>>> print(open('work.csv').read())   # CSV, C-alpha atoms and all ligand atoms
chain,number,residue,atom,x,y,z
C,29,MET,CA,2.2,1.3,-7.5
C,30,GLN,CA,-1.5,0.6,-7.9
C,31,LEU,CA,-2.4,4.0,-9.5
C,32,LEU,CA,0.1,3.4,-12.3
C,33,LYS,CA,-0.9,-0.2,-12.9
C,34,ASP,CA,-4.5,0.8,-13.2
C,35,ARG,CA,-3.6,3.5,-15.7
C,36,ILE,CA,-1.5,1.1,-17.7
C,37,LEU,CA,-4.5,-1.3,-17.9
C,38,THR,CA,-6.8,1.5,-18.9
C,39,ASP,CA,-4.7,3.4,-21.3
C,40,GLY,CA,-1.7,1.3,-22.2
C,41,GLN,CA,-1.6,-0.3,-25.7
C,42,VAL,CA,0.2,-3.5,-26.3
C,43,GLU,CA,1.9,-3.3,-29.7
C,44,THR,CA,3.6,-6.0,-31.8
C,45,GLY,CA,7.2,-6.7,-30.9
C,46,GLY,CA,6.8,-6.5,-27.1
C,47,VAL,CA,6.3,-2.7,-27.1
C,48,LEU,CA,3.8,-1.1,-24.7
C,49,LYS,CA,2.6,2.3,-25.8
C,50,VAL,CA,1.9,4.7,-23.0
C,51,ASP,CA,1.8,7.9,-25.0
C,52,GLY,CA,-1.6,8.9,-23.6
C,53,PHE,CA,-0.1,9.6,-20.2
C,54,LEU,CA,3.7,9.3,-20.1
C,55,ASN,CA,5.5,9.4,-23.4
C,56,HIS,CA,3.7,12.0,-25.5
C,57,ARG,CA,0.8,13.5,-23.6
C,58,ILE,CA,1.8,13.6,-19.9
C,59,ASP,CA,-0.6,13.3,-17.0
C,60,VAL,CA,1.1,15.7,-14.6
C,61,CYS,CA,-1.0,14.4,-11.6
C,62,LEU,CA,0.1,10.9,-12.2
C,63,LEU,CA,3.7,12.1,-12.8
C,64,GLU,CA,3.6,13.9,-9.4
C,65,GLU,CA,2.6,10.6,-7.7
C,66,ILE,CA,5.4,8.8,-9.5
C,67,GLY,CA,7.9,11.4,-8.3
C,68,LYS,CA,6.6,11.1,-4.7
C,69,GLU,CA,6.8,7.3,-4.8
C,70,PHE,CA,10.5,7.4,-6.0
C,71,ARG,CA,11.2,9.9,-3.2
C,72,ARG,CA,9.6,7.5,-0.7
C,73,ILE,CA,11.6,4.6,-1.9
C,74,PHE,CA,15.0,6.3,-2.1
C,75,GLU,CA,14.8,8.9,0.7
C,76,GLY,CA,17.5,8.6,3.3
C,77,GLU,CA,20.0,7.4,0.7
C,78,GLY,CA,21.8,10.8,0.5
C,79,ILE,CA,21.2,11.3,-3.2
C,80,THR,CA,22.8,14.4,-4.7
C,81,LYS,CA,21.7,14.2,-8.3
C,82,ILE,CA,19.3,12.4,-10.6
C,83,LEU,CA,20.6,11.1,-13.9
C,84,THR,CA,18.3,10.2,-16.8
C,85,ILE,CA,18.5,10.0,-20.6
C,86,GLU,CA,16.7,12.1,-23.1
C,87,ALA,CA,13.9,12.4,-24.1
C,88,SER,CA,11.2,10.5,-22.2
C,89,GLY,CA,13.2,10.2,-18.9
C,90,ILE,CA,13.5,13.9,-18.4
C,91,ALA,CA,10.0,14.8,-17.2
C,92,ILE,CA,10.0,11.8,-14.7
C,93,ALA,CA,13.4,12.8,-13.5
C,94,VAL,CA,12.5,16.4,-13.0
C,95,GLU,CA,9.3,15.6,-11.1
C,96,THR,CA,11.2,13.2,-8.8
C,97,ALA,CA,14.0,15.7,-8.3
C,98,ARG,CA,11.5,18.4,-7.2
C,99,PHE,CA,10.7,16.2,-4.2
C,100,PHE,CA,14.4,15.7,-3.4
C,101,ARG,CA,15.3,19.4,-4.1
C,102,ILE,CA,18.3,18.2,-6.2
C,103,PRO,CA,19.4,18.8,-9.8
C,104,VAL,CA,18.7,16.6,-12.8
C,105,VAL,CA,21.4,15.7,-15.4
C,106,PHE,CA,20.2,14.1,-18.6
C,107,ALA,CA,22.5,12.2,-20.9
C,108,LYS,CA,22.4,13.5,-24.4
C,109,LYS,CA,21.9,11.1,-27.2
C,110,ASN,CA,24.0,12.8,-29.8
C,111,GLN,CA,27.2,14.6,-29.0
C,112,SER,CA,26.6,18.2,-30.0
C,113,ILE,CA,29.5,20.7,-30.6
C,114,ASN,CA,28.7,22.7,-27.4
C,115,ILE,CA,29.6,19.7,-25.1
C,116,ALA,CA,32.1,17.9,-27.4
C,117,GLY,CA,35.3,16.9,-25.7
C,118,ASP,CA,35.1,16.9,-22.0
C,119,VAL,CA,32.4,14.2,-21.7
C,120,PHE,CA,31.8,10.8,-20.3
C,121,ALA,CA,30.5,8.7,-23.2
C,122,THR,CA,28.9,5.4,-23.9
C,123,LYS,CA,26.7,3.7,-26.5
C,124,VAL,CA,23.1,2.8,-26.1
C,125,GLU,CA,21.0,0.6,-28.4
C,126,SER,CA,17.5,1.8,-28.6
C,127,PHE,CA,14.9,-1.0,-28.1
C,128,THR,CA,12.1,1.0,-29.8
C,129,HIS,CA,14.1,2.6,-32.6
C,130,GLY,CA,16.6,-0.2,-33.4
C,131,LYS,CA,19.5,2.3,-33.6
C,132,THR,CA,22.7,2.7,-31.6
C,133,TYR,CA,23.3,6.1,-30.1
C,134,ASP,CA,26.4,7.8,-28.7
C,135,VAL,CA,25.3,9.0,-25.3
C,136,VAL,CA,27.3,11.7,-23.4
C,137,VAL,CA,27.3,13.7,-20.2
C,138,SER,CA,29.5,16.6,-19.6
C,139,LYS,CA,32.3,15.9,-17.0
C,140,LYS,CA,31.2,19.1,-15.3
C,141,PHE,CA,28.0,17.6,-14.1
C,142,LEU,CA,29.0,14.2,-12.5
C,143,SER,CA,31.8,14.0,-9.9
C,144,PRO,CA,33.1,11.5,-7.4
C,145,GLU,CA,31.3,13.4,-4.6
C,146,ASP,CA,27.9,12.6,-6.1
C,147,ASN,CA,25.5,9.9,-5.1
C,148,ILE,CA,23.4,9.3,-8.1
C,149,LEU,CA,19.8,8.0,-8.6
C,150,ILE,CA,19.1,6.9,-12.2
C,151,ILE,CA,15.5,7.4,-13.4
C,152,ASP,CA,14.0,6.1,-16.6
C,153,ASP,CA,10.6,5.4,-18.1
C,154,PHE,CA,11.1,1.8,-19.2
C,155,LEU,CA,13.5,-1.1,-18.6
C,156,ALA,CA,13.5,-3.6,-21.4
C,157,ASN,CA,16.8,-5.2,-22.5
C,158,GLY,CA,18.7,-2.9,-20.2
C,159,SER,CA,20.9,-1.1,-22.8
C,160,ALA,CA,19.7,2.4,-21.7
C,161,LEU,CA,20.2,1.6,-18.0
C,162,LEU,CA,23.5,-0.1,-18.5
C,163,GLY,CA,24.7,3.0,-20.4
C,164,LEU,CA,23.7,5.2,-17.6
C,165,VAL,CA,25.4,2.9,-15.0
C,166,SER,CA,28.6,3.0,-17.0
C,167,LEU,CA,28.5,6.9,-17.2
C,168,VAL,CA,28.1,7.0,-13.4
C,169,ARG,CA,31.0,4.5,-12.9
C,170,ASP,CA,33.3,6.4,-15.3
C,171,SER,CA,32.7,9.6,-13.3
C,172,GLY,CA,33.6,7.9,-10.0
C,173,ALA,CA,30.3,8.9,-8.4
C,174,SER,CA,28.4,6.5,-6.1
C,175,LEU,CA,25.2,4.9,-7.5
C,176,ALA,CA,22.3,4.7,-5.0
C,177,GLY,CA,20.1,2.8,-7.5
C,178,ALA,CA,17.7,3.1,-10.4
C,179,GLY,CA,14.1,4.0,-10.3
C,180,ILE,CA,12.1,2.7,-13.3
C,181,VAL,CA,8.5,3.5,-14.0
C,182,ILE,CA,7.7,0.4,-16.1
C,183,GLU,CA,9.9,-2.8,-16.1
C,184,LYS,CA,9.1,-5.4,-18.7
C,185,ALA,CA,10.3,-8.3,-16.6
C,186,PHE,CA,9.9,-10.7,-19.5
C,187,GLN,CA,13.0,-9.0,-21.1
C,188,SER,CA,16.4,-9.5,-19.7
C,189,GLY,CA,17.4,-6.0,-18.6
C,190,GLY,CA,16.3,-6.2,-14.9
C,191,ASP,CA,18.2,-9.4,-14.3
C,192,ILE,CA,21.3,-8.1,-16.0
C,193,VAL,CA,21.5,-4.8,-14.1
C,194,ARG,CA,20.5,-6.3,-10.7
C,195,GLY,CA,23.2,-9.0,-11.4
C,196,LEU,CA,25.7,-6.1,-11.4
C,197,GLY,CA,24.7,-5.3,-7.8
C,198,VAL,CA,22.6,-2.3,-8.8
C,199,ARG,CA,19.5,-1.7,-6.8
C,200,VAL,CA,16.6,-1.4,-9.3
C,201,GLU,CA,13.2,-0.4,-8.1
C,202,SER,CA,10.3,-0.5,-10.6
C,203,LEU,CA,6.9,1.0,-10.0
C,204,ALA,CA,5.1,-1.5,-12.3
C,205,ARG,CA,6.6,-4.9,-13.4
C,206,ILE,CA,5.0,-6.6,-16.3
C,207,LEU,CA,5.5,-10.3,-16.4
C,208,ASP,CA,3.8,-11.0,-19.6
C,209,MET,CA,1.8,-9.2,-22.3
C,210,SER,CA,2.4,-11.7,-25.2
C,211,GLY,CA,-1.3,-12.5,-25.6
C,212,GLY,CA,-2.2,-8.8,-25.6
C,213,GLU,CA,-3.3,-8.9,-22.0
C,214,ILE,CA,-1.0,-7.3,-19.4
C,215,VAL,CA,0.0,-9.4,-16.4
C,216,PHE,CA,1.8,-7.7,-13.6
C,217,ALA,CA,4.3,-9.3,-11.3
C,218,ASP,CA,2.3,-8.4,-8.1
C,301,LIG,P1,16.2,-1.0,-23.0
C,301,LIG,O1,17.4,-0.1,-23.2
C,301,LIG,O2,16.1,-1.4,-21.5
C,301,LIG,O3,16.1,-2.1,-23.9
C,301,LIG,O4,15.0,-0.1,-23.3
C,301,LIG,C1,14.8,1.1,-22.5
C,301,LIG,C2,14.4,2.3,-23.3
C,301,LIG,O5,13.7,1.9,-24.5
C,301,LIG,C3,13.5,3.2,-22.5
C,301,LIG,O6,14.3,4.3,-22.3
C,301,LIG,C4,12.3,3.5,-23.4
C,301,LIG,O7,12.5,4.8,-24.0
C,301,LIG,C5,12.4,2.5,-24.5
C,301,LIG,N1,11.4,1.4,-24.4
C,301,LIG,C6,11.7,0.1,-24.2
C,301,LIG,N2,10.6,-0.7,-24.2
C,301,LIG,C7,9.6,0.1,-24.4
C,301,LIG,C8,8.2,-0.1,-24.5
C,301,LIG,O8,7.6,-1.2,-24.4
C,301,LIG,N3,7.4,1.1,-24.7
C,301,LIG,C9,8.0,2.3,-24.8
C,301,LIG,N4,7.1,3.3,-24.9
C,301,LIG,N5,9.3,2.5,-24.7
C,301,LIG,C10,10.1,1.5,-24.5
>>> encode(input="work.csv", output="structure tokens")
Amino acid sequence: MQLLKDRILTDGQVETGGVLKVDGFLNHRIDVCLLEEIGKEFRRIFEGEGITKILTIEASGIAIAVETARFFRIPVVFAKKNQSINIAGDVFATKVESFTHGKTYDVVVSKKFLSPEDNILIIDDFLANGSALLGLVSLVRDSGASLAGAGIVIEKAFQSGGDIVRGLGVRVESLARILDMSGGEIVFAD
């Protein structure tokens, strides 16, 4: 998605440790016009797949998922990172290792909100080592729902997550794929 790639080049900051900061338009301040184009693009890619719900993970996936869901007119479910008392018990649960925070979280979704009748589209902001996406895939599989695929805004293709998740047979569509940024300069896949 050219608009997104241009914006990454203009406003993205390459940090040490292979982290790309996009907090000027996606992760802290959000450019809602860009977000709208991202939502439209995910709808274009996945329309006709019979998707019934979008699943994401808090916090930074939520805005992207909501904007995408507006175009599909379907609900968003977001996986919660810490099991809180109000949803304790009847949940699908998994563990996710945070690439940016170096912590492992318990991630849960209430069993009320995913069912075998669902066909799920997973949405997230980044794909790096794949822990977040693998966690979401495992929640979908535990629920018995079908998985239409995953829409990722920025895939860091120099990390292993994309290969691992595609290797499981999951359709992963990324709007910007970064091949390399080790020298501080961002190189896209296409
Ligand atoms: P993974 O689980 O694939 O290793 O990492 C995915 C999660 O880590 C995303 O949900 C995102 O929040 C965060 N993340 C991974 N790499 C980056 C990055 O380079 N920049 C930012 N801002 N977040 C990242």
>>> residues_around(input="work.csv", residues="Ser171 of chain C", least_positions_apart="6", cutoff="9 Å", atoms="only C-alpha atoms", output="CSV table (one decimal) with C-alpha atoms, in the frame of the given file")
chain,number,residue,atom,x,y,z
C,120,PHE,CA,31.8,10.8,-20.3
C,139,LYS,CA,32.3,15.9,-17.0
C,142,LEU,CA,29.0,14.2,-12.5
C,143,SER,CA,31.8,14.0,-9.9
C,144,PRO,CA,33.1,11.5,-7.4
>>> residues_around(input="work.csv", residues="Gly172 of chain C", least_positions_apart="2", cutoff="9 Å", atoms="all atoms listed in the file", output="list in words")
Leu142, Ser143, Pro144, Glu145, Asp146, Leu167, Val168, Arg169, Asp170 and Ser174 of chain C
>>> atom_distance(input="work.csv", atom1="atom CA of Ile180 of chain C", atom2="atom CA of Gly52 of chain C")
18.2 Å
>>> closest_atom_pairs(input="work.csv", of="segment 132-201 of chain C", to="segment 106-111 of chain C", cutoff="7 Å", atoms="only C-alpha atoms", output="tab-separated table")
residue	atom	partner	partner_atom	distance
C:Tyr133	CA	C:Lys109	CA	5.9
C:Asp134	CA	C:Asn110	CA	5.7
C:Val135	CA	C:Lys109	CA	4.4
C:Val136	CA	C:Lys108	CA	5.3
C:Val137	CA	C:Ala107	CA	5.1
>>> write_last_selection(input="work.csv", atoms="C-alpha atoms", output="short mmCIF file (atom, residue, chain, number, x, y, z; two decimals), in the coordinates of the input")
data_model
loop_
_atom_site.label_atom_id
_atom_site.label_comp_id
_atom_site.auth_asym_id
_atom_site.auth_seq_id
_atom_site.Cartn_x
_atom_site.Cartn_y
_atom_site.Cartn_z
CA TYR C 133 23.30 6.10 -30.10
CA ASP C 134 26.40 7.80 -28.70
CA VAL C 135 25.30 9.00 -25.30
CA VAL C 136 27.30 11.70 -23.40
CA VAL C 137 27.30 13.70 -20.20
#
>>> residues_near_ligand(input="work.csv", ligand="ligand LIG 301 (chain C)", cutoff="10 Å", atoms="only C-alpha atoms and all ligand atoms", output="compact mmCIF listing (two decimals) with C-alpha atoms, in the frame of the given file")
# COMPACT_ATOMS: atom_id res chain seq x y z
CA GLY C 40 -1.70 1.30 -22.20
CA GLN C 41 -1.60 -0.30 -25.70
CA VAL C 42 0.20 -3.50 -26.30
CA GLU C 43 1.90 -3.30 -29.70
CA THR C 44 3.60 -6.00 -31.80
CA GLY C 45 7.20 -6.70 -30.90
CA GLY C 46 6.80 -6.50 -27.10
CA VAL C 47 6.30 -2.70 -27.10
CA LEU C 48 3.80 -1.10 -24.70
CA LYS C 49 2.60 2.30 -25.80
CA VAL C 50 1.90 4.70 -23.00
CA ASP C 51 1.80 7.90 -25.00
CA LEU C 54 3.70 9.30 -20.10
CA ASN C 55 5.50 9.40 -23.40
CA HIS C 56 3.70 12.00 -25.50
CA THR C 84 18.30 10.20 -16.80
CA ILE C 85 18.50 10.00 -20.60
CA GLU C 86 16.70 12.10 -23.10
CA ALA C 87 13.90 12.40 -24.10
CA SER C 88 11.20 10.50 -22.20
CA GLY C 89 13.20 10.20 -18.90
CA VAL C 124 23.10 2.80 -26.10
CA GLU C 125 21.00 0.60 -28.40
CA SER C 126 17.50 1.80 -28.60
CA PHE C 127 14.90 -1.00 -28.10
CA THR C 128 12.10 1.00 -29.80
CA HIS C 129 14.10 2.60 -32.60
CA GLY C 130 16.60 -0.20 -33.40
CA ILE C 151 15.50 7.40 -13.40
CA ASP C 152 14.00 6.10 -16.60
CA ASP C 153 10.60 5.40 -18.10
CA PHE C 154 11.10 1.80 -19.20
CA LEU C 155 13.50 -1.10 -18.60
CA ALA C 156 13.50 -3.60 -21.40
CA ASN C 157 16.80 -5.20 -22.50
CA GLY C 158 18.70 -2.90 -20.20
CA SER C 159 20.90 -1.10 -22.80
CA ALA C 160 19.70 2.40 -21.70
CA LEU C 161 20.20 1.60 -18.00
CA LEU C 162 23.50 -0.10 -18.50
CA GLY C 163 24.70 3.00 -20.40
CA LEU C 164 23.70 5.20 -17.60
CA ILE C 180 12.10 2.70 -13.30
CA VAL C 181 8.50 3.50 -14.00
CA ILE C 182 7.70 0.40 -16.10
CA GLU C 183 9.90 -2.80 -16.10
CA LYS C 184 9.10 -5.40 -18.70
CA GLN C 187 13.00 -9.00 -21.10
CA SER C 188 16.40 -9.50 -19.70
CA GLY C 189 17.40 -6.00 -18.60
CA GLY C 190 16.30 -6.20 -14.90
CA VAL C 193 21.50 -4.80 -14.10
>>> closest_residue(input="work.csv", among="C:Asp208, C:Asp59, C:Glu201, C:Glu65", to="Ala185 of chain C", atoms="all atoms listed in the file")
C:Asp208
>>> closest_residue(input="work.csv", among="C:Ile92, C:Leu83, C:Ala176, C:Leu62", to="Gln30 of chain C", atoms="all atoms listed in the file")
C:Leu62
>>> residues_around(input="work.csv", residues="Ile73 of chain C", least_positions_apart="6", cutoff="12 Å", atoms="all atoms listed in the file", output="list in words")
Met29, Ile66, Gly67, Ile79, Thr96, Phe99, Phe100, Leu149, Ala176, Gly177, Ala178, Gly179, Ile180, Arg199, Val200, Glu201, Ser202 and Leu203 of chain C
>>> atom_distance(input="work.csv", atom1="atom CA of Ala93 of chain C", atom2="atom CA of Val215 of chain C")
26.1 Å
>>> decode(input="work.csv", residues="segment 206-218 of chain C", atoms="all heavy atoms", output="PDB file, in the first residue's frame")
ATOM      1  N   ILE C 206       8.627  -4.975   5.278  1.00  0.00           N
ATOM      2  CA  ILE C 206       9.982  -4.423   5.370  1.00  0.00           C
ATOM      3  C   ILE C 206      10.986  -5.573   5.313  1.00  0.00           C
ATOM      4  O   ILE C 206      10.941  -6.495   6.118  1.00  0.00           O
ATOM      5  CB  ILE C 206      10.145  -3.619   6.671  1.00  0.00           C
ATOM      6  CG1 ILE C 206       9.183  -2.423   6.662  1.00  0.00           C
ATOM      7  CG2 ILE C 206      11.591  -3.156   6.838  1.00  0.00           C
ATOM      8  CD1 ILE C 206       9.168  -1.627   7.944  1.00  0.00           C
ATOM      9  N   LEU C 207      11.855  -5.492   4.301  1.00  0.00           N
ATOM     10  CA  LEU C 207      12.874  -6.536   4.119  1.00  0.00           C
ATOM     11  C   LEU C 207      14.074  -6.293   5.012  1.00  0.00           C
ATOM     12  O   LEU C 207      14.693  -7.221   5.508  1.00  0.00           O
ATOM     13  CB  LEU C 207      13.378  -6.506   2.672  1.00  0.00           C
ATOM     14  CG  LEU C 207      12.586  -7.232   1.611  1.00  0.00           C
ATOM     15  CD1 LEU C 207      13.381  -7.216   0.316  1.00  0.00           C
ATOM     16  CD2 LEU C 207      12.280  -8.661   2.037  1.00  0.00           C
ATOM     17  N   ASP C 208      14.394  -5.018   5.175  1.00  0.00           N
ATOM     18  CA  ASP C 208      15.612  -4.705   5.919  1.00  0.00           C
ATOM     19  C   ASP C 208      15.538  -3.274   6.442  1.00  0.00           C
ATOM     20  O   ASP C 208      14.992  -2.385   5.764  1.00  0.00           O
ATOM     21  CB  ASP C 208      16.822  -4.848   4.977  1.00  0.00           C
ATOM     22  CG  ASP C 208      18.139  -4.628   5.703  1.00  0.00           C
ATOM     23  OD1 ASP C 208      18.260  -5.058   6.863  1.00  0.00           O
ATOM     24  OD2 ASP C 208      19.049  -3.997   5.119  1.00  0.00           O
ATOM     25  N   MET C 209      16.036  -3.069   7.641  1.00  0.00           N
ATOM     26  CA  MET C 209      16.192  -1.696   8.145  1.00  0.00           C
ATOM     27  C   MET C 209      17.420  -1.649   9.056  1.00  0.00           C
ATOM     28  O   MET C 209      17.553  -0.745   9.857  1.00  0.00           O
ATOM     29  CB  MET C 209      14.913  -1.188   8.830  1.00  0.00           C
ATOM     30  CG  MET C 209      14.349  -2.055   9.923  1.00  0.00           C
ATOM     31  SD  MET C 209      12.823  -1.358  10.590  1.00  0.00           S
ATOM     32  CE  MET C 209      12.933  -2.020  12.268  1.00  0.00           C
ATOM     33  N   SER C 210      18.301  -2.641   8.875  1.00  0.00           N
ATOM     34  CA  SER C 210      19.436  -2.785   9.780  1.00  0.00           C
ATOM     35  C   SER C 210      20.403  -1.610   9.708  1.00  0.00           C
ATOM     36  O   SER C 210      21.037  -1.256  10.697  1.00  0.00           O
ATOM     37  CB  SER C 210      20.174  -4.094   9.499  1.00  0.00           C
ATOM     38  OG  SER C 210      20.529  -4.165   8.139  1.00  0.00           O
ATOM     39  N   GLY C 211      20.495  -0.985   8.535  1.00  0.00           N
ATOM     40  CA  GLY C 211      21.400   0.155   8.425  1.00  0.00           C
ATOM     41  C   GLY C 211      20.713   1.478   8.729  1.00  0.00           C
ATOM     42  O   GLY C 211      21.279   2.550   8.468  1.00  0.00           O
ATOM     43  N   GLY C 212      19.499   1.418   9.249  1.00  0.00           N
ATOM     44  CA  GLY C 212      18.748   2.642   9.549  1.00  0.00           C
ATOM     45  C   GLY C 212      17.866   3.075   8.400  1.00  0.00           C
ATOM     46  O   GLY C 212      16.976   3.905   8.564  1.00  0.00           O
ATOM     47  N   GLU C 213      18.113   2.475   7.219  1.00  0.00           N
ATOM     48  CA  GLU C 213      17.302   2.823   6.046  1.00  0.00           C
ATOM     49  C   GLU C 213      16.290   1.701   5.815  1.00  0.00           C
ATOM     50  O   GLU C 213      16.637   0.517   5.890  1.00  0.00           O
ATOM     51  CB  GLU C 213      18.224   2.929   4.831  1.00  0.00           C
ATOM     52  CG  GLU C 213      17.579   3.661   3.671  1.00  0.00           C
ATOM     53  CD  GLU C 213      18.548   3.701   2.489  1.00  0.00           C
ATOM     54  OE1 GLU C 213      19.751   4.000   2.730  1.00  0.00           O
ATOM     55  OE2 GLU C 213      18.118   3.408   1.377  1.00  0.00           O
ATOM     56  N   ILE C 214      15.046   2.094   5.536  1.00  0.00           N
ATOM     57  CA  ILE C 214      13.980   1.093   5.398  1.00  0.00           C
ATOM     58  C   ILE C 214      13.899   0.624   3.948  1.00  0.00           C
ATOM     59  O   ILE C 214      13.759   1.431   3.027  1.00  0.00           O
ATOM     60  CB  ILE C 214      12.630   1.685   5.846  1.00  0.00           C
ATOM     61  CG1 ILE C 214      12.693   2.026   7.341  1.00  0.00           C
ATOM     62  CG2 ILE C 214      11.482   0.718   5.562  1.00  0.00           C
ATOM     63  CD1 ILE C 214      11.582   2.893   7.849  1.00  0.00           C
ATOM     64  N   VAL C 215      13.998  -0.702   3.769  1.00  0.00           N
ATOM     65  CA  VAL C 215      13.889  -1.297   2.432  1.00  0.00           C
ATOM     66  C   VAL C 215      12.629  -2.162   2.408  1.00  0.00           C
ATOM     67  O   VAL C 215      12.502  -3.102   3.203  1.00  0.00           O
ATOM     68  CB  VAL C 215      15.119  -2.161   2.103  1.00  0.00           C
ATOM     69  CG1 VAL C 215      14.995  -2.771   0.709  1.00  0.00           C
ATOM     70  CG2 VAL C 215      16.405  -1.356   2.240  1.00  0.00           C
ATOM     71  N   PHE C 216      11.706  -1.830   1.493  1.00  0.00           N
ATOM     72  CA  PHE C 216      10.460  -2.612   1.392  1.00  0.00           C
ATOM     73  C   PHE C 216      10.644  -3.782   0.428  1.00  0.00           C
ATOM     74  O   PHE C 216      11.508  -3.760  -0.469  1.00  0.00           O
ATOM     75  CB  PHE C 216       9.321  -1.715   0.891  1.00  0.00           C
ATOM     76  CG  PHE C 216       8.909  -0.672   1.886  1.00  0.00           C
ATOM     77  CD1 PHE C 216       9.229   0.666   1.695  1.00  0.00           C
ATOM     78  CD2 PHE C 216       8.202  -1.034   3.021  1.00  0.00           C
ATOM     79  CE1 PHE C 216       8.854   1.621   2.630  1.00  0.00           C
ATOM     80  CE2 PHE C 216       7.831  -0.089   3.962  1.00  0.00           C
ATOM     81  CZ  PHE C 216       8.164   1.253   3.762  1.00  0.00           C
ATOM     82  N   ALA C 217       9.757  -4.769   0.589  1.00  0.00           N
ATOM     83  CA  ALA C 217       9.837  -5.980  -0.251  1.00  0.00           C
ATOM     84  C   ALA C 217       9.460  -5.669  -1.700  1.00  0.00           C
ATOM     85  O   ALA C 217       9.960  -6.312  -2.613  1.00  0.00           O
ATOM     86  CB  ALA C 217       8.934  -7.078   0.311  1.00  0.00           C
ATOM     87  N   ASP C 218       8.508  -4.730  -1.891  1.00  0.00           N
ATOM     88  CA  ASP C 218       8.129  -4.410  -3.279  1.00  0.00           C
ATOM     89  C   ASP C 218       7.715  -2.951  -3.383  1.00  0.00           C
ATOM     90  O   ASP C 218       7.616  -2.263  -2.397  1.00  0.00           O
ATOM     91  CB  ASP C 218       6.980  -5.311  -3.757  1.00  0.00           C
ATOM     92  CG  ASP C 218       5.952  -5.547  -2.664  1.00  0.00           C
ATOM     93  OD1 ASP C 218       5.512  -4.581  -2.026  1.00  0.00           O
ATOM     94  OD2 ASP C 218       5.619  -6.732  -2.442  1.00  0.00           O
TER      95      ASP C 218
END
